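As stored in structure.cif (mmCIF, C-alpha atoms):
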data_target
loop_
_atom_site.group_PDB
_atom_site.id
_atom_site.type_symbol
_atom_site.label_atom_id
_atom_site.label_comp_id
_atom_site.auth_asym_id
_atom_site.auth_seq_id
_atom_site.Cartn_x
_atom_site.Cartn_y
_atom_site.Cartn_z
ATOM 1 C CA MET A 1 8.703 -5.010 2.295
ATOM 2 C CA GLY A 2 11.333 -7.742 2.533
ATOM 3 C CA ALA A 3 14.285 -5.624 3.540
ATOM 4 C CA SER A 4 17.405 -7.193 4.882
ATOM 5 C CA TYR A 5 20.768 -5.859 5.921
ATOM 6 C CA LYS A 6 24.124 -6.893 4.602
ATOM 7 C CA ASP A 7 27.395 -5.228 5.577
ATOM 8 C CA GLY A 8 25.472 -2.254 6.901
ATOM 9 C CA ARG A 9 23.565 -1.866 3.655
ATOM 10 C CA ILE A 10 19.882 -2.317 3.016
ATOM 11 C CA VAL A 11 19.209 -4.889 0.346
ATOM 12 C CA GLY A 12 16.004 -6.150 -1.177
ATOM 13 C CA LEU A 13 14.253 -2.801 -1.381
ATOM 14 C CA HIS A 14 13.590 -0.826 -4.541
ATOM 15 C CA ASP A 15 14.469 2.853 -4.656
ATOM 16 C CA VAL A 16 10.805 3.811 -4.561
ATOM 17 C CA GLU A 17 10.265 1.782 -1.394
ATOM 18 C CA LEU A 18 13.333 3.320 0.197
ATOM 19 C CA ALA A 19 12.079 6.763 -0.760
ATOM 20 C CA GLN A 20 8.721 6.052 0.866
ATOM 21 C CA LEU A 21 10.436 4.978 4.064
ATOM 22 C CA ALA A 22 12.670 8.035 3.918
ATOM 23 C CA ALA A 23 9.591 10.226 3.528
ATOM 24 C CA ALA A 24 8.355 8.750 6.804
ATOM 25 C CA GLY A 25 11.546 9.938 8.465
ATOM 26 C CA GLY A 26 13.843 7.024 7.684
ATOM 27 C CA ARG A 27 17.285 8.540 7.476
ATOM 28 C CA ARG A 28 18.932 5.151 7.255
ATOM 29 C CA GLU A 29 16.867 4.302 4.196
ATOM 30 C CA PHE A 30 17.765 7.621 2.639
ATOM 31 C CA GLY A 31 21.411 6.866 3.376
ATOM 32 C CA GLU A 32 21.050 3.718 1.317
ATOM 33 C CA LEU A 33 19.724 5.783 -1.590
ATOM 34 C CA VAL A 34 22.729 8.055 -1.271
ATOM 35 C CA ARG A 35 25.018 5.041 -1.212
ATOM 36 C CA ARG A 36 23.457 3.679 -4.387
ATOM 37 C CA HIS A 37 23.427 6.846 -6.438
ATOM 38 C CA SER A 38 26.045 9.260 -5.176
ATOM 39 C CA SER A 39 28.572 8.280 -7.822
ATOM 40 C CA ALA A 40 26.122 8.988 -10.646
ATOM 41 C CA VAL A 41 25.254 12.416 -9.269
ATOM 42 C CA ARG A 42 28.855 13.361 -8.608
ATOM 43 C CA ALA A 43 29.889 12.127 -12.047
ATOM 44 C CA LEU A 44 27.232 14.235 -13.725
ATOM 45 C CA LEU A 45 28.397 17.384 -11.968
ATOM 46 C CA ARG A 46 31.959 16.691 -12.995
ATOM 47 C CA ARG A 47 30.843 16.062 -16.542
ATOM 48 C CA MET A 48 29.091 19.416 -16.479
ATOM 49 C CA GLY A 49 32.447 20.957 -15.779
ATOM 50 C CA ALA A 50 32.535 21.260 -11.982
ATOM 51 C CA GLN A 51 35.789 20.705 -10.146
ATOM 52 C CA ALA A 52 35.815 17.537 -8.055
ATOM 53 C CA SER A 53 35.493 19.304 -4.695
ATOM 54 C CA THR A 54 32.778 21.630 -5.966
ATOM 55 C CA ALA A 55 30.934 18.699 -7.499
ATOM 56 C CA ASP A 56 31.012 16.857 -4.182
ATOM 57 C CA ASP A 57 29.768 19.872 -2.238
ATOM 58 C CA ILE A 58 26.880 20.398 -4.616
ATOM 59 C CA ALA A 59 26.089 16.688 -4.684
ATOM 60 C CA GLN A 60 25.846 16.725 -0.882
ATOM 61 C CA ASP A 61 23.531 19.703 -0.978
ATOM 62 C CA ALA A 62 21.465 18.043 -3.686
ATOM 63 C CA PHE A 63 20.949 14.939 -1.559
ATOM 64 C CA LEU A 64 20.048 17.034 1.475
ATOM 65 C CA GLN A 65 17.569 18.976 -0.606
ATOM 66 C CA ALA A 66 16.210 15.707 -1.969
ATOM 67 C CA TYR A 67 15.676 14.498 1.595
ATOM 68 C CA GLU A 68 13.795 17.679 2.429
ATOM 69 C CA ARG A 69 11.605 17.247 -0.626
ATOM 70 C CA ILE A 70 11.412 13.463 -0.638
ATOM 71 C CA ALA A 71 7.618 13.555 -0.343
ATOM 72 C CA GLU A 72 7.559 15.172 -3.794
ATOM 73 C CA PHE A 73 9.195 12.111 -5.335
ATOM 74 C CA ARG A 74 6.352 9.915 -6.506
ATOM 75 C CA GLY A 75 8.323 7.304 -8.360
ATOM 76 C CA GLU A 76 7.243 8.512 -11.797
ATOM 77 C CA GLY A 77 10.836 8.616 -12.967
ATOM 78 C CA THR A 78 13.860 7.071 -11.346
ATOM 79 C CA PHE A 79 15.145 8.420 -8.068
ATOM 80 C CA VAL A 80 18.590 9.059 -9.493
ATOM 81 C CA SER A 81 17.158 11.085 -12.398
ATOM 82 C CA TRP A 82 15.243 13.195 -9.920
ATOM 83 C CA VAL A 83 18.315 13.886 -7.802
ATOM 84 C CA ARG A 84 20.417 14.562 -10.895
ATOM 85 C CA ARG A 85 17.970 17.270 -11.910
ATOM 86 C CA ILE A 86 18.130 18.801 -8.458
ATOM 87 C CA ALA A 87 21.927 18.700 -8.553
ATOM 88 C CA ALA A 88 22.102 20.215 -12.030
ATOM 89 C CA ARG A 89 19.810 23.067 -11.040
ATOM 90 C CA LEU A 90 21.800 23.692 -7.876
ATOM 91 C CA TYR A 91 24.999 23.801 -9.876
ATOM 92 C CA LEU A 92 23.536 26.237 -12.359
ATOM 93 C CA LYS A 93 22.055 28.372 -9.624
ATOM 94 C CA ARG A 94 25.395 28.693 -7.913
ATOM 95 C CA ARG A 95 27.294 29.269 -11.070
ATOM 96 C CA LYS A 96 24.683 31.103 -13.049
ATOM 97 C CA LYS A 97 26.904 34.064 -13.605
ATOM 98 C CA ASP A 98 29.850 31.918 -14.588
ATOM 99 C CA ALA A 99 27.695 29.659 -16.715
ATOM 100 C CA GLN A 100 26.381 32.633 -18.624
ATOM 101 C CA LEU A 101 29.884 33.884 -19.130
ATOM 102 C CA VAL A 102 30.838 30.484 -20.397
ATOM 103 C CA LEU A 103 27.971 30.473 -22.866
ATOM 104 C CA GLU A 104 28.689 33.961 -24.056
ATOM 105 C CA ALA A 105 32.408 33.496 -24.276
ATOM 106 C CA GLU A 106 34.084 33.220 -27.573
ATOM 107 C CA LEU A 107 34.247 29.568 -28.355
ATOM 108 C CA ARG A 108 37.674 28.211 -28.001
ATOM 109 C CA GLU A 109 38.125 24.781 -29.407
ATOM 110 C CA PRO A 110 39.672 22.458 -26.861
ATOM 111 C CA GLU A 111 42.840 20.684 -27.624
ATOM 112 C CA GLN A 112 42.327 17.426 -29.392
ATOM 113 C CA ALA A 113 43.748 15.080 -26.836
ATOM 114 C CA PRO A 114 44.283 11.479 -27.834
ATOM 115 C CA ALA A 115 41.140 9.440 -27.308
ATOM 116 C CA TYR A 116 41.216 6.377 -25.102
ATOM 117 C CA ALA A 117 39.151 3.616 -26.608
ATOM 118 C CA ASP A 118 38.107 0.317 -25.117
ATOM 119 C CA ASN A 119 38.803 -3.024 -26.731
ATOM 120 C CA ALA A 120 35.853 -2.616 -29.053
ATOM 121 C CA GLY A 121 37.164 0.718 -30.188
ATOM 122 C CA ARG A 122 34.501 2.698 -28.312
ATOM 123 C CA ILE A 123 35.541 5.782 -26.450
ATOM 124 C CA ASP A 124 34.693 6.489 -22.864
ATOM 125 C CA LEU A 125 32.134 9.265 -22.393
ATOM 126 C CA ASP A 126 34.321 11.250 -20.033
ATOM 127 C CA GLU A 127 37.130 11.172 -22.550
ATOM 128 C CA ALA A 128 34.802 12.099 -25.384
ATOM 129 C CA LEU A 129 33.405 15.075 -23.485
ATOM 130 C CA LYS A 130 36.865 16.555 -23.377
ATOM 131 C CA VAL A 131 36.661 17.445 -27.057
ATOM 132 C CA LEU A 132 33.645 19.673 -26.412
ATOM 133 C CA SER A 133 33.920 23.345 -25.648
ATOM 134 C CA ALA A 134 32.683 24.426 -22.194
ATOM 135 C CA PRO A 135 29.267 25.639 -23.418
ATOM 136 C CA GLU A 136 28.735 22.528 -25.530
ATOM 137 C CA ARG A 137 29.717 20.303 -22.653
ATOM 138 C CA LEU A 138 27.423 22.115 -20.236
ATOM 139 C CA CYS A 139 24.424 22.059 -22.561
ATOM 140 C CA VAL A 140 24.886 18.433 -23.603
ATOM 141 C CA SER A 141 25.309 17.331 -19.983
ATOM 142 C CA LEU A 142 22.226 19.240 -18.903
ATOM 143 C CA CYS A 143 20.084 17.780 -21.674
ATOM 144 C CA TYR A 144 21.300 14.193 -21.747
ATOM 145 C CA GLY A 145 22.662 13.811 -18.239
ATOM 146 C CA ALA A 146 20.206 15.799 -16.153
ATOM 147 C CA GLY A 147 17.267 15.281 -18.475
ATOM 148 C CA LEU A 148 16.442 18.963 -18.901
ATOM 149 C CA SER A 149 14.761 20.092 -22.090
ATOM 150 C CA HIS A 150 16.359 22.694 -24.349
ATOM 151 C CA SER A 151 13.788 25.189 -23.126
ATOM 152 C CA GLU A 152 14.529 24.460 -19.494
ATOM 153 C CA VAL A 153 18.249 24.904 -20.081
ATOM 154 C CA ALA A 154 17.659 28.171 -21.928
ATOM 155 C CA GLU A 155 15.376 29.412 -19.172
ATOM 156 C CA THR A 156 17.689 28.383 -16.384
ATOM 157 C CA LEU A 157 20.689 29.983 -18.023
ATOM 158 C CA ASN A 158 18.693 32.957 -19.235
ATOM 159 C CA THR A 159 20.034 32.293 -22.699
ATOM 160 C CA PRO A 160 18.260 32.274 -26.074
ATOM 161 C CA LEU A 161 16.816 28.904 -26.981
ATOM 162 C CA GLY A 162 18.589 28.992 -30.326
ATOM 163 C CA THR A 163 21.953 29.350 -28.637
ATOM 164 C CA VAL A 164 21.321 26.317 -26.471
ATOM 165 C CA LYS A 165 20.182 24.280 -29.469
ATOM 166 C CA SER A 166 23.309 25.261 -31.376
ATOM 167 C CA HIS A 167 25.579 24.222 -28.543
ATOM 168 C CA VAL A 168 23.766 20.910 -28.173
ATOM 169 C CA LYS A 169 23.873 20.189 -31.885
ATOM 170 C CA ARG A 170 27.553 20.984 -32.232
ATOM 171 C CA GLY A 171 28.295 18.978 -29.110
ATOM 172 C CA LEU A 172 26.384 15.976 -30.387
ATOM 173 C CA ASP A 173 28.129 16.129 -33.735
ATOM 174 C CA LYS A 174 31.516 16.119 -32.053
ATOM 175 C CA LEU A 175 30.562 13.329 -29.687
ATOM 176 C CA ARG A 176 29.165 11.200 -32.473
ATOM 177 C CA GLU A 177 32.326 11.579 -34.425
ATOM 178 C CA ARG A 178 34.471 10.941 -31.391
ATOM 179 C CA MET A 179 32.549 7.962 -30.104
ATOM 180 C CA ALA A 180 32.124 6.121 -33.350
ATOM 181 C CA PRO A 181 33.856 2.760 -33.323
ATOM 182 C CA GLN A 182 37.340 3.298 -34.537
ATOM 183 C CA GLY A 183 39.582 1.027 -36.533
ATOM 184 C CA GLY A 184 42.761 -0.270 -34.986
ATOM 185 C CA ASP A 185 44.974 1.678 -37.332
ATOM 186 C CA GLN A 186 43.397 5.013 -36.738
ATOM 187 C CA THR A 187 45.661 7.534 -35.232
ATOM 188 C CA GLY A 188 44.838 9.128 -31.955
ATOM 189 C CA SER A 189 43.198 6.109 -30.389
ATOM 190 C CA ARG A 190 44.722 3.478 -28.197
ATOM 191 C CA ALA A 191 43.069 0.641 -26.493
ATOM 192 C CA HIS A 192 43.280 0.072 -22.777
ATOM 193 C CA GLY A 193 42.249 -2.898 -20.761
ATOM 194 C CA MET B 194 16.265 7.175 -36.392
ATOM 195 C CA VAL B 195 20.042 6.890 -36.201
ATOM 196 C CA GLU B 196 20.121 10.280 -34.498
ATOM 197 C CA ARG B 197 17.590 9.132 -31.898
ATOM 198 C CA ASP B 198 19.548 5.930 -31.312
ATOM 199 C CA PHE B 199 22.657 7.932 -30.642
ATOM 200 C CA GLU B 200 20.830 10.215 -28.227
ATOM 201 C CA THR B 201 19.402 7.220 -26.372
ATOM 202 C CA GLN B 202 22.858 5.714 -26.193
ATOM 203 C CA LEU B 203 24.200 8.979 -24.874
ATOM 204 C CA GLU B 204 21.529 9.174 -22.172
ATOM 205 C CA ARG B 205 22.382 5.640 -21.163
ATOM 206 C CA MET B 206 26.070 6.476 -20.966
ATOM 207 C CA PHE B 207 25.358 9.523 -18.826
ATOM 208 C CA ALA B 208 23.256 7.354 -16.521
ATOM 209 C CA GLN B 209 26.120 4.958 -16.031
ATOM 210 C CA ALA B 210 28.866 5.951 -13.693
ATOM 211 C CA ALA B 211 31.564 3.798 -12.241
ATOM 212 C CA PRO B 212 31.333 3.612 -8.435
ATOM 213 C CA MET B 213 33.708 6.144 -6.986
ATOM 214 C CA PRO B 214 36.327 4.819 -4.584
ATOM 215 C CA ASP B 215 35.256 7.201 -1.842
ATOM 216 C CA ALA B 216 31.516 6.553 -2.221
ATOM 217 C CA ASP B 217 31.225 5.265 1.352
ATOM 218 C CA GLU B 218 32.935 8.343 2.781
ATOM 219 C CA PHE B 219 30.673 10.571 0.741
ATOM 220 C CA THR B 220 27.600 8.748 2.042
ATOM 221 C CA ALA B 221 28.869 9.060 5.604
ATOM 222 C CA ARG B 222 29.281 12.808 5.153
ATOM 223 C CA VAL B 223 25.729 13.184 3.868
ATOM 224 C CA GLU B 224 24.343 11.084 6.739
ATOM 225 C CA LYS B 225 26.309 13.157 9.226
ATOM 226 C CA ARG B 226 24.872 16.364 7.823
ATOM 227 C CA LEU B 227 21.385 14.888 7.925
ATOM 228 C CA ARG B 228 21.789 14.071 11.615
ATOM 229 C CA ARG B 229 23.236 17.497 12.371
ATOM 230 C CA ASP B 230 20.476 19.309 10.513
ATOM 231 C CA TRP B 231 17.864 17.282 12.353
ATOM 232 C CA ARG B 232 19.393 18.092 15.744
ATOM 233 C CA VAL B 233 19.598 21.780 14.923
ATOM 234 C CA ARG B 234 16.001 21.757 13.749
ATOM 235 C CA THR B 235 14.821 19.976 16.895
ATOM 236 C CA LEU B 236 16.699 22.446 19.034
ATOM 237 C CA VAL B 237 15.332 25.459 17.163
ATOM 238 C CA ILE B 238 11.768 24.144 17.347
ATOM 239 C CA GLY B 239 12.164 23.362 21.035
ATOM 240 C CA VAL B 240 13.587 26.771 21.856
ATOM 241 C CA ALA B 241 10.948 28.476 19.741
ATOM 242 C CA GLY B 242 8.225 26.490 21.487
ATOM 243 C CA VAL B 243 9.500 27.356 24.941
ATOM 244 C CA ALA B 244 9.972 31.015 24.023
ATOM 245 C CA GLY B 245 6.516 31.166 22.466
ATOM 246 C CA GLY B 246 5.000 29.517 25.505
ATOM 247 C CA ALA B 247 6.767 31.930 27.818
ATOM 248 C CA VAL B 248 5.509 34.897 25.820
ATOM 249 C CA ALA B 249 1.996 33.474 25.831
ATOM 250 C CA VAL B 250 2.059 32.946 29.574
ATOM 251 C CA SER B 251 3.413 36.418 30.273
ATOM 252 C CA GLN B 252 0.782 37.919 27.982
ATOM 253 C CA SER B 253 -1.942 35.913 29.680
ATOM 254 C CA LEU B 254 -0.811 37.080 33.081
ATOM 255 C CA GLY B 255 -0.491 40.660 31.899
ATOM 256 C CA LEU B 256 -4.013 40.714 30.534
ATOM 257 C CA GLY B 257 -5.455 39.031 33.572
ATOM 258 C CA LEU B 258 -6.634 36.315 31.238
ATOM 259 C CA GLY B 259 -6.093 33.795 33.943
ATOM 260 C CA HIS B 260 -8.554 35.496 36.221
ATOM 261 C CA ARG B 261 -11.155 35.671 33.486
ATOM 262 C CA ALA B 262 -10.621 32.072 32.483
ATOM 263 C CA GLN B 263 -10.976 31.128 36.100
ATOM 264 C CA ALA B 264 -14.209 33.064 36.396
ATOM 265 C CA VAL B 265 -15.648 31.374 33.322
ATOM 266 C CA ALA B 266 -14.531 27.994 34.487
ATOM 267 C CA VAL B 267 -15.929 28.491 37.954
ATOM 268 C CA SER B 268 -19.268 29.667 36.723
ATOM 269 C CA SER B 269 -19.696 26.996 34.081
ATOM 270 C CA THR B 270 -18.248 23.911 35.653
ATOM 271 C CA SER B 271 -18.813 23.187 39.237
ATOM 272 C CA ALA B 272 -16.635 20.141 38.984
ATOM 273 C CA PHE B 273 -13.600 22.215 38.155
ATOM 274 C CA ASN B 274 -14.530 24.604 40.912
ATOM 275 C CA ASN B 275 -14.702 21.832 43.448
ATOM 276 C CA LEU B 276 -11.404 20.409 42.329
ATOM 277 C CA TYR B 277 -9.739 23.788 42.509
ATOM 278 C CA ASP B 278 -11.190 24.526 45.935
ATOM 279 C CA GLN B 279 -10.084 21.136 47.109
ATOM 280 C CA ALA B 280 -6.554 21.703 45.908
ATOM 281 C CA ALA B 281 -6.453 25.136 47.483
ATOM 282 C CA ALA B 282 -7.882 23.795 50.713
ATOM 283 C CA GLN B 283 -5.143 21.212 50.851
ATOM 284 C CA GLY B 284 -2.716 24.052 51.021
ATOM 285 C CA GLY B 285 -1.310 23.686 47.577
ATOM 286 C CA ALA B 286 1.190 26.457 47.758
ATOM 287 C CA LEU B 287 1.510 26.573 44.006
ATOM 288 C CA LEU B 288 -2.128 27.401 43.519
ATOM 289 C CA GLN B 289 -2.601 29.747 46.395
ATOM 290 C CA GLY B 290 -1.516 32.736 44.417
ATOM 291 C CA GLY B 291 -4.703 32.718 42.360
ATOM 292 C CA ALA B 292 -5.721 31.457 38.944
ATOM 293 C CA GLY B 293 -3.036 33.443 37.119
ATOM 294 C CA VAL B 294 -0.249 31.837 39.075
ATOM 295 C CA GLY B 295 -1.879 28.460 38.612
ATOM 296 C CA MET B 296 -1.948 28.900 34.881
ATOM 297 C CA PHE B 297 1.646 29.978 34.934
ATOM 298 C CA TRP B 298 2.728 26.766 36.632
ATOM 299 C CA ILE B 299 0.610 24.602 34.358
ATOM 300 C CA ALA B 300 2.086 26.265 31.266
ATOM 301 C CA SER B 301 5.574 25.959 32.709
ATOM 302 C CA ALA B 302 5.058 22.273 33.347
ATOM 303 C CA LEU B 303 3.853 21.793 29.773
ATOM 304 C CA MET B 304 6.892 23.624 28.432
ATOM 305 C CA ILE B 305 9.218 21.483 30.494
ATOM 306 C CA VAL B 306 7.493 18.330 29.280
ATOM 307 C CA ALA B 307 7.797 19.548 25.677
ATOM 308 C CA ALA B 308 11.495 20.300 26.164
ATOM 309 C CA ILE B 309 12.110 16.884 27.709
ATOM 310 C CA VAL B 310 10.282 15.124 24.872
ATOM 311 C CA GLY B 311 12.284 17.079 22.317
ATOM 312 C CA ALA B 312 15.583 16.352 24.020
ATOM 313 C CA THR B 313 14.725 12.677 24.384
ATOM 314 C CA ARG B 314 13.891 12.383 20.694
ATOM 315 C CA ALA B 315 17.081 14.162 19.747
ATOM 316 C CA LEU B 316 19.111 11.775 21.878
ATOM 317 C CA ASP B 317 17.278 8.749 20.486
ATOM 318 C CA GLU B 318 17.944 9.848 16.944
ATOM 319 C CA SER B 319 21.601 10.690 17.482
#
File written out as structure tokens:
Amino acid sequence: MGASYKDGRIVGLHDVELAQLAAAGGRREFGELVRRHSSAVRALLRRMGAQASTADDIAQDAFLQAYERIAEFRGEGTFVSWVRRIAARLYLKRRKKDAQLVLEAELREPEQAPAYADNAGRIDLDEALKVLSAPERLCVSLCYGAGLSHSEVAETLNTPLGTVKSHVKRGLDKLRERMAPQGGDQTGSRAHG
Amino acid sequence: MVERDFETQLERMFAQAAPMPDADEFTARVEKRLRRDWRVRTLVIGVAGVAGGAVAVSQSLGLGLGHRAQAVAVSSTSAFNNLYDQAAAQGGALLQGGAGVGMFWIASALMIVAAIVGATRALDES
């Protein structure tokens, strides 16, 4: 398959090929998949609201579970999307009680921290997510980060579908407003290199 | 349309993540756990196999299955009979105790071989 090694890394193989080799017992190939995608999985968990250490623990478990189930990955979507879904479900499973509490809690609007925009005036996603309430952030991350449908989120959280849709809609509205290119004179935004 | 564009953009932004500074350490931790899990699994399977084999052998001896198997073998295959007689005639102490004892030693040998293979694989993989 044209694989070669560089600085201890496997290069020249697509994720699907690495997954096939991992399914045949190749732990080294699976390690390369972890190396390529761990940051994306960890970032998603943090964006969902997990603390850094919790996010890392769950990300580890998600990759181990992915290795166990690697034969189920058929390359229909991307490998990282598949692992992100596993990670998101693991996170929800562990924090189902808390997540429900979060969804049922009285919405408290987060403080409007100053937004950090890039040179083009666009705001970083992580910064933008900070303006969302916890339920909005969780639902938006699950739908657009983990690729779950509204129904799947509602089912997983044992929450009415309408509630999930409301959180997603409000979250999107806030993000759209927050992430729209901003003029240089607008207050609350400052460019960083 | 604009709404869909924004959602697509959002999905793309979620998919992008800056490499974390400790990505290599994280990968090393996952690989370490993979190795550990594999060793534990090999050990559990090996122990379970040996235990299962021991139970099977003890059950076989308890039921006198060895004697019956021997009787069937002797009556149906003269070749086996000759071989067995030859081994016994040569004073094979291991087989002198009868078919049950013979089966016990054969099963024990197989268990030892299985344990050695398992241990060798575990060492190779570590």
Using only C-alpha atoms, which chain A residues lie at most 9 Å away from chain B, written as an MDAnalysis selection string?
-> chainID A and resid 27:28 30:32 34:44 47 56 60:61 63:64 67 80:81 124:125 141 143:147 172 176
Using CA of Phe79 in chain A and CA of Lys169 in chain A as the two end points, give the distance in Å to one decimal.
->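 If I compute the distance from CA of Phe79 in chain A to CA of Lys169 in chain A, I get 28.0 Å.
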If the PyMOL selection byres ((chain A and resi 156) around 9) is run on the structure shown, which residues does it catch, given as a PyMOL selection string?
-> chain A and resi 89+92-93+96+151-155+157-159
May I have the residues within 7 Å of range 234-246 of chain B as a list of chain:residue names, using only C-alpha atoms and disregarding those fewer than 3 positions away in the same chain?
->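 In the requested format, the answer is B:Asp230, B:Trp231, B:Ala249, B:Val250, B:Met304, B:Ala308, B:Gly311, B:Ala315.
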Within 10 Å of Arg170 in chain A, counting only C-alpha atoms, which residues qualify if same-chain residues fewer than 5 places away don't, as a ChimeraX atom specification?
-> /A:132-133,136-137,140,165,175-176
